[in-house]
Amino acid sequence: MENQLRTYQLENISCPKCAFKLEKEAQNFSGIQSFDLNIATGQLKLKAENEKICHDLTEHFERLGHPSREIQLTDKDNQERKEHKRELKKLAVAGFSAGNIMLFSSAVYTGAEGSFAQLFNWGSFLFLLPSLLYSGQTFFNGFWASLKRREASIDTPIVVALGLGTLLSLYNLLAGSEGIYFDSIANLIFLLLIGRFFLKKFQAKALLESKVQIIPDHYSYKVKTEAGWIQKKASELGPEDEIQVLQDQIIPGDGRMGTASVYVNQSLLTGESTPYLVGPGSPIYAGTQLLSPQLTYKVSSLKDQTRIGQILNDSIQLKLDRSNFVSFIDRLGQNFTIGVLLLSLAGFSYFMLIGDQLAAFDRTLALLVVACPCALAFGFPLVLSLGLQRARNLELLVRSADIFEKISEVKNIFFDKTGTLTQGQLKVIEQSNPLEEAQKQILLHLESHSQHPVAQALIRHLKTDSQDIRFFSRQEFPVHEELGKGVFGEYAGIQYSVRRADSNAIEDNNNVVDFYANEDLICRFSLEDELRDQSKKSVEYLKKIKLESYILSGDHEKSVAFTGENLGIDKYYSELSPEEKLQIIKRHSGKEMMIGDGINDSVALAASHVSVAMAGPIEKLLQTADIVLLNNQIKHIPQVFALSHHIIKTLTWLSLFSISYNVVCAVLALMGYITPLVAALLMPMSSILVIMFSFYRMKEGQWKLSM
């Protein structure tokens, strides 16, 4: 099927770096519409223009050492259980081998000599093989995949340590010499697998929390069963369930209406909060709000498979590879791994030259295991994905995680006025003269072709007087809108238009528009709008953090000046067209944020370093804007800055911790204070510590402003 979201299980995804590299590889394939790789489970959600592109991409991944198999939505839970069982089997084999090798080794350590010692050592070797060849596949497969990508991964030093230790021990066994470390190798595999097992659980929990959820799992609905209607949580619903939705509830899944009709609020999808009638047999979508008393329908798709789920899946990605900060850390981790390998080789060579074979093995093995950039590999994507989730809690959709870094670079803020700093609920307070019914119908037809707040206000005003609205055909009355200028159309040979009034004719601070037939003024309307409650506090916070605020507006100068004076913004531009707004943005530093209407300000938004859209259909907004304010509340702009600065500070602390930890541990390992077994414990513990620290730092109480 074309444009279908497919799920694949990828192998050998040992760290976030693998995911970043695969995402980069996917960017080389045209026709990829959505790419979302779960680092913890290895599950890839992929959507492309056709099935062949998906097939070609997964084949390419297999050549890079990441074979895959497609899984169906209904099989995902079963697939995760199978993967969990495989991991437990590897743990069990590693534990069984380590336990039995310890029994053999204890006999040698307590005094067994000669042929008995040889027998026990060979027994240890035989018990090591299943642990090395079966349980150790986790590390060897990851290492092989990184070799195919021609780079080092976190599995590289582990595989070098296991291979070096096994070969050296086997050589000494055949030569009848001392220096056999099968017990250390077996324990190392067992402890590393335990650490990685629990680390994956932490990661899965973190990534689950960071998912954008339009329907929270705890919402509940009545579901029809053979035993009658029972209450189920949203997370427990399945396709083909017949469910009951009550008034004001959010519809949890896509489906189709039966014989009834209901009114819904589709503002999330369309940007329009006007009640929308869904008739018999019509599709009904997840994320819309039921306005009628009750709805019973059969669900056809849920979560990622819904229309809103696929929109978000296509638009909101972790996309860490575009972040300069993360790119730097990625290079640092790569160079660090190579540096550890070279340092290990130097340490091993030194101790062999001075004749201390035991120290050469123990200290090199400990260094290879303990010195790992896992804190960077696991901590960075976790903090950024939690940042996306925290933003979603504020009803903000941040399109990708690299936006947080871009926000921290912003120097200037450009605000649209109407609907951004003001309520956007304009109302007509004065009309220069009455209109004939035919003139009202013409004006209604003109303004119905615009989404501008002025047009919507005129429609509301005129509908109170006009009971029956006439609908004109496109051929009969063609209309076009020129953004920033007005709405224009021709009917019966006459050019009609609704335009902004000349500023010289305006005497107060209100918005004024004129209705013309050819160049004859038919009527003048004066409209007023109120400032949003939080606009002043938001502007004051932005000043506090040394950001310069501007107003860019198409309204007349008196109205814009009045708004600027009330908010403490002394830099403003009035009577601007969209193109003029674009030119002003381009004249500044390139580190600006534009906040405005996602439709009328789309040109300026697209040119900005960071763009924030306040209103409109979510699918279009996510194509234009970096951030979408779902609740149109400007008070969340300061929260976005507070969150972004907190994220950058947290990433900096993680970097310092990782570098300090690795330097100290590397020195201690070479000095002999850290044994291979202690190193095997420290490696996962450091990563788990990073995860716990990340969760703590990303609690809302750590960064959220009280406004």
# chains A, B, ... in the order shown; residues from 1 in each chain; ligands from 1
$ select_by_dssp --residues "segment 40-280 of chain A" --states "helix (DSSP H, G or I)" --output "PyMOL selection string"
chain A and resi 51-63+73-109+114-135+137-148+155-175+182-209+234-236+267-270
$ residues_around --residues "Val369 of chain A" --least-positions-apart "6" --cutoff "7 Å" --atoms "only C-alpha atoms" --output "list in words"
Pro157, Ile158, Ala679, Ala680 and Met683 of chain A
$ select_by_dssp --residues "segment 555-647 of chain A" --states "strand (DSSP E)" --output "PyMOL selection string"
chain A and resi 572-573+592-596+610-613+627-629
$ write_last_selection --atoms "all heavy atoms" --output "short mmCIF file (atom, residue, chain, number, x, y, z; two decimals), in the first residue's frame"
data_model
loop_
_atom_site.label_atom_id
_atom_site.label_comp_id
_atom_site.auth_asym_id
_atom_site.auth_seq_id
_atom_site.Cartn_x
_atom_site.Cartn_y
_atom_site.Cartn_z
N TYR A 572 8.40 49.18 16.66
CA TYR A 572 7.28 48.56 15.96
C TYR A 572 7.23 49.04 14.51
O TYR A 572 7.76 50.09 14.16
CB TYR A 572 5.96 48.87 16.66
CG TYR A 572 5.64 50.33 16.79
CD1 TYR A 572 5.02 51.03 15.75
CD2 TYR A 572 5.97 51.04 17.94
CE1 TYR A 572 4.74 52.38 15.84
CE2 TYR A 572 5.70 52.40 18.05
CZ TYR A 572 5.08 53.07 17.00
OH TYR A 572 4.82 54.41 17.10
N TYR A 573 6.60 48.21 13.68
CA TYR A 573 6.40 48.54 12.27
C TYR A 573 4.93 48.30 11.96
O TYR A 573 4.36 47.28 12.37
CB TYR A 573 7.26 47.65 11.37
CG TYR A 573 8.75 47.76 11.61
CD1 TYR A 573 9.37 47.00 12.60
CD2 TYR A 573 9.53 48.61 10.84
CE1 TYR A 573 10.74 47.09 12.82
CE2 TYR A 573 10.90 48.71 11.05
CZ TYR A 573 11.49 47.95 12.04
OH TYR A 573 12.85 48.04 12.26
N GLU A 592 16.61 35.34 15.04
CA GLU A 592 15.36 35.93 15.47
C GLU A 592 14.26 34.86 15.60
O GLU A 592 14.32 33.81 14.97
CB GLU A 592 14.89 37.02 14.49
CG GLU A 592 14.56 36.51 13.10
CD GLU A 592 15.78 36.14 12.30
OE1 GLU A 592 16.76 36.91 12.30
OE2 GLU A 592 15.76 35.04 11.70
N MET A 593 13.28 35.18 16.44
CA MET A 593 12.08 34.35 16.57
C MET A 593 10.89 35.17 16.09
O MET A 593 10.72 36.32 16.49
CB MET A 593 11.87 33.92 18.02
CG MET A 593 10.54 33.18 18.25
SD MET A 593 10.21 32.81 20.00
CE MET A 593 11.26 31.36 20.22
N MET A 594 10.09 34.57 15.21
CA MET A 594 8.87 35.21 14.73
C MET A 594 7.69 34.48 15.33
O MET A 594 7.61 33.24 15.26
CB MET A 594 8.80 35.16 13.20
CG MET A 594 7.51 35.69 12.62
SD MET A 594 7.33 37.48 12.81
CE MET A 594 5.59 37.70 12.41
N ILE A 595 6.77 35.24 15.92
CA ILE A 595 5.57 34.66 16.53
C ILE A 595 4.37 35.28 15.84
O ILE A 595 4.19 36.50 15.88
CB ILE A 595 5.50 34.93 18.04
CG1 ILE A 595 6.80 34.50 18.72
CG2 ILE A 595 4.31 34.24 18.67
CD1 ILE A 595 6.92 34.95 20.17
N GLY A 596 3.56 34.44 15.18
CA GLY A 596 2.42 35.02 14.47
C GLY A 596 1.43 33.99 14.00
O GLY A 596 1.48 32.80 14.38
N VAL A 610 13.80 30.83 14.33
CA VAL A 610 12.82 30.01 15.05
C VAL A 610 11.45 30.62 14.77
O VAL A 610 11.27 31.83 14.89
CB VAL A 610 13.06 29.99 16.57
CG1 VAL A 610 12.00 29.15 17.27
CG2 VAL A 610 14.45 29.45 16.89
N SER A 611 10.48 29.79 14.41
CA SER A 611 9.14 30.29 14.10
C SER A 611 8.11 29.65 15.02
O SER A 611 8.15 28.45 15.29
CB SER A 611 8.79 30.00 12.64
OG SER A 611 8.99 28.63 12.34
N VAL A 612 7.17 30.48 15.50
CA VAL A 612 6.12 30.03 16.41
C VAL A 612 4.78 30.43 15.82
O VAL A 612 4.54 31.62 15.57
CB VAL A 612 6.28 30.65 17.81
CG1 VAL A 612 5.19 30.12 18.75
CG2 VAL A 612 7.66 30.37 18.38
N ALA A 613 3.89 29.46 15.60
CA ALA A 613 2.58 29.72 15.03
C ALA A 613 1.52 29.65 16.11
O ALA A 613 1.51 28.75 16.94
CB ALA A 613 2.27 28.72 13.91
N ILE A 627 7.43 25.65 16.14
CA ILE A 627 6.64 25.42 17.36
C ILE A 627 5.20 25.84 17.08
O ILE A 627 4.96 26.88 16.47
CB ILE A 627 7.19 26.24 18.55
CG1 ILE A 627 8.65 25.87 18.82
CG2 ILE A 627 6.35 26.03 19.80
CD1 ILE A 627 9.32 26.78 19.84
N VAL A 628 4.26 25.03 17.54
CA VAL A 628 2.83 25.35 17.42
C VAL A 628 2.24 25.48 18.82
O VAL A 628 2.39 24.57 19.65
CB VAL A 628 2.07 24.27 16.63
CG1 VAL A 628 0.58 24.60 16.58
CG2 VAL A 628 2.63 24.15 15.22
N LEU A 629 1.60 26.62 19.09
CA LEU A 629 0.91 26.82 20.37
C LEU A 629 -0.52 26.32 20.21
O LEU A 629 -1.37 27.00 19.63
CB LEU A 629 0.90 28.29 20.77
CG LEU A 629 2.27 28.99 20.90
CD1 LEU A 629 2.08 30.42 21.35
CD2 LEU A 629 3.14 28.26 21.90
#
$ residues_around --residues "Lys417 of chain A" --least-positions-apart "2" --cutoff "8 Å" --atoms "only C-alpha atoms" --output "list in words"
Phe415, Gly419, Thr420, Leu421, Thr422, Ile551, Leu552, Ser553, Val560, Thr563 and Gly596 of chain A
$ write_last_selection --atoms "all heavy atoms" --output "PDB file, in the first residue's frame"
ATOM      1  N   PHE A 415       6.831  40.017  17.040  1.00  0.00           N
ATOM      2  CA  PHE A 415       5.449  39.636  17.290  1.00  0.00           C
ATOM      3  C   PHE A 415       4.540  40.182  16.198  1.00  0.00           C
ATOM      4  O   PHE A 415       4.641  41.362  15.828  1.00  0.00           O
ATOM      5  CB  PHE A 415       4.945  40.214  18.621  1.00  0.00           C
ATOM      6  CG  PHE A 415       5.603  39.660  19.852  1.00  0.00           C
ATOM      7  CD1 PHE A 415       6.650  40.345  20.449  1.00  0.00           C
ATOM      8  CD2 PHE A 415       5.162  38.482  20.422  1.00  0.00           C
ATOM      9  CE1 PHE A 415       7.249  39.860  21.606  1.00  0.00           C
ATOM     10  CE2 PHE A 415       5.759  37.987  21.569  1.00  0.00           C
ATOM     11  CZ  PHE A 415       6.805  38.673  22.161  1.00  0.00           C
ATOM     12  N   GLY A 419      -4.246  38.768  17.212  1.00  0.00           N
ATOM     13  CA  GLY A 419      -4.327  37.331  17.466  1.00  0.00           C
ATOM     14  C   GLY A 419      -3.097  36.766  18.137  1.00  0.00           C
ATOM     15  O   GLY A 419      -3.090  35.607  18.534  1.00  0.00           O
ATOM     16  N   THR A 420      -2.040  37.579  18.261  1.00  0.00           N
ATOM     17  CA  THR A 420      -0.825  37.132  18.940  1.00  0.00           C
ATOM     18  C   THR A 420      -0.677  37.864  20.266  1.00  0.00           C
ATOM     19  O   THR A 420      -0.788  37.278  21.338  1.00  0.00           O
ATOM     20  CB  THR A 420       0.410  37.381  18.053  1.00  0.00           C
ATOM     21  OG1 THR A 420       0.231  36.692  16.812  1.00  0.00           O
ATOM     22  CG2 THR A 420       1.672  36.858  18.727  1.00  0.00           C
ATOM     23  N   LEU A 421      -0.461  39.173  20.190  1.00  0.00           N
ATOM     24  CA  LEU A 421      -0.421  39.986  21.408  1.00  0.00           C
ATOM     25  C   LEU A 421      -1.834  40.333  21.885  1.00  0.00           C
ATOM     26  O   LEU A 421      -2.052  40.580  23.071  1.00  0.00           O
ATOM     27  CB  LEU A 421       0.362  41.274  21.152  1.00  0.00           C
ATOM     28  CG  LEU A 421       1.858  41.081  20.861  1.00  0.00           C
ATOM     29  CD1 LEU A 421       2.477  42.389  20.381  1.00  0.00           C
ATOM     30  CD2 LEU A 421       2.595  40.562  22.080  1.00  0.00           C
ATOM     31  N   THR A 422      -2.777  40.339  20.943  1.00  0.00           N
ATOM     32  CA  THR A 422      -4.173  40.616  21.296  1.00  0.00           C
ATOM     33  C   THR A 422      -4.982  39.322  21.251  1.00  0.00           C
ATOM     34  O   THR A 422      -4.506  38.294  20.769  1.00  0.00           O
ATOM     35  CB  THR A 422      -4.788  41.645  20.330  1.00  0.00           C
ATOM     36  OG1 THR A 422      -4.838  41.073  19.012  1.00  0.00           O
ATOM     37  CG2 THR A 422      -3.958  42.913  20.293  1.00  0.00           C
ATOM     38  N   ILE A 551       7.222  44.694  17.169  1.00  0.00           N
ATOM     39  CA  ILE A 551       5.894  44.357  16.638  1.00  0.00           C
ATOM     40  C   ILE A 551       5.928  44.566  15.133  1.00  0.00           C
ATOM     41  O   ILE A 551       6.349  45.624  14.649  1.00  0.00           O
ATOM     42  CB  ILE A 551       4.790  45.235  17.256  1.00  0.00           C
ATOM     43  CG1 ILE A 551       4.722  45.057  18.770  1.00  0.00           C
ATOM     44  CG2 ILE A 551       3.423  44.882  16.642  1.00  0.00           C
ATOM     45  CD1 ILE A 551       3.713  45.958  19.461  1.00  0.00           C
ATOM     46  N   LEU A 552       5.506  43.547  14.386  1.00  0.00           N
ATOM     47  CA  LEU A 552       5.345  43.644  12.940  1.00  0.00           C
ATOM     48  C   LEU A 552       3.859  43.460  12.654  1.00  0.00           C
ATOM     49  O   LEU A 552       3.302  42.401  12.932  1.00  0.00           O
ATOM     50  CB  LEU A 552       6.139  42.551  12.212  1.00  0.00           C
ATOM     51  CG  LEU A 552       7.643  42.471  12.470  1.00  0.00           C
ATOM     52  CD1 LEU A 552       8.246  41.366  11.608  1.00  0.00           C
ATOM     53  CD2 LEU A 552       8.315  43.798  12.166  1.00  0.00           C
ATOM     54  N   SER A 553       3.207  44.468  12.106  1.00  0.00           N
ATOM     55  CA  SER A 553       1.756  44.384  11.936  1.00  0.00           C
ATOM     56  C   SER A 553       1.308  45.010  10.631  1.00  0.00           C
ATOM     57  O   SER A 553       1.931  45.948  10.121  1.00  0.00           O
ATOM     58  CB  SER A 553       1.059  45.089  13.108  1.00  0.00           C
ATOM     59  OG  SER A 553      -0.344  45.067  12.948  1.00  0.00           O
ATOM     60  N   VAL A 560      -1.087  50.132  16.234  1.00  0.00           N
ATOM     61  CA  VAL A 560       0.142  49.413  16.598  1.00  0.00           C
ATOM     62  C   VAL A 560       0.898  50.169  17.689  1.00  0.00           C
ATOM     63  O   VAL A 560       1.403  49.576  18.655  1.00  0.00           O
ATOM     64  CB  VAL A 560       1.042  49.209  15.358  1.00  0.00           C
ATOM     65  CG1 VAL A 560       2.324  48.482  15.748  1.00  0.00           C
ATOM     66  CG2 VAL A 560       0.305  48.429  14.284  1.00  0.00           C
ATOM     67  N   THR A 563      -0.739  49.604  21.051  1.00  0.00           N
ATOM     68  CA  THR A 563      -0.401  48.280  21.593  1.00  0.00           C
ATOM     69  C   THR A 563       1.019  48.272  22.143  1.00  0.00           C
ATOM     70  O   THR A 563       1.275  47.770  23.243  1.00  0.00           O
ATOM     71  CB  THR A 563      -0.545  47.198  20.504  1.00  0.00           C
ATOM     72  OG1 THR A 563      -1.888  47.192  20.026  1.00  0.00           O
ATOM     73  CG2 THR A 563      -0.200  45.815  21.049  1.00  0.00           C
ATOM     74  N   GLY A 596       3.558  34.440  15.181  1.00  0.00           N
ATOM     75  CA  GLY A 596       2.425  35.015  14.468  1.00  0.00           C
ATOM     76  C   GLY A 596       1.430  33.986  14.004  1.00  0.00           C
ATOM     77  O   GLY A 596       1.478  32.804  14.376  1.00  0.00           O
TER      78      GLY A 596
END
$ atom_distance --atom1 "atom CA of Leu193 of chain A" --atom2 "atom CA of Ala98 of chain A"
12.2 Å
$ residues_around --residues "Arg363 of chain A" --least-positions-apart "5" --cutoff "6 Å" --atoms "only C-alpha atoms" --output "list in words"
Ala669, Leu670 and Gly672 of chain A
$ residues_around --residues "segment 92-96 of chain A" --least-positions-apart "5" --cutoff "9 Å" --atoms "only C-alpha atoms" --output "list in words"
Glu87, Ile101, Phe127, Leu128, Pro130, Ser131, Leu132, Tyr134, Ser135, Gly136, Ala186, Asn187, Ile189, Phe190, Leu191 and Leu193 of chain A
$ write_last_selection --atoms "C-alpha atoms" --output "CSV table (one decimal), in the first residue's frame"
chain,number,residue,atom,x,y,z
A,87,GLU,CA,17.4,-11.1,26.3
A,101,ILE,CA,33.4,-21.3,35.6
A,127,PHE,CA,31.6,-23.3,29.6
A,128,LEU,CA,32.8,-19.9,28.3
A,130,PRO,CA,28.2,-20.6,24.9
A,131,SER,CA,28.4,-17.3,26.9
A,132,LEU,CA,30.9,-15.8,24.4
A,134,TYR,CA,25.5,-16.8,22.2
A,135,SER,CA,25.2,-14.2,25.0
A,136,GLY,CA,28.1,-12.2,23.6
A,186,ALA,CA,32.4,-14.8,31.8
A,187,ASN,CA,31.6,-12.5,34.7
A,189,ILE,CA,29.7,-10.7,29.9
A,190,PHE,CA,27.1,-11.5,32.6
A,191,LEU,CA,27.5,-8.2,34.4
A,193,LEU,CA,24.3,-7.9,30.0
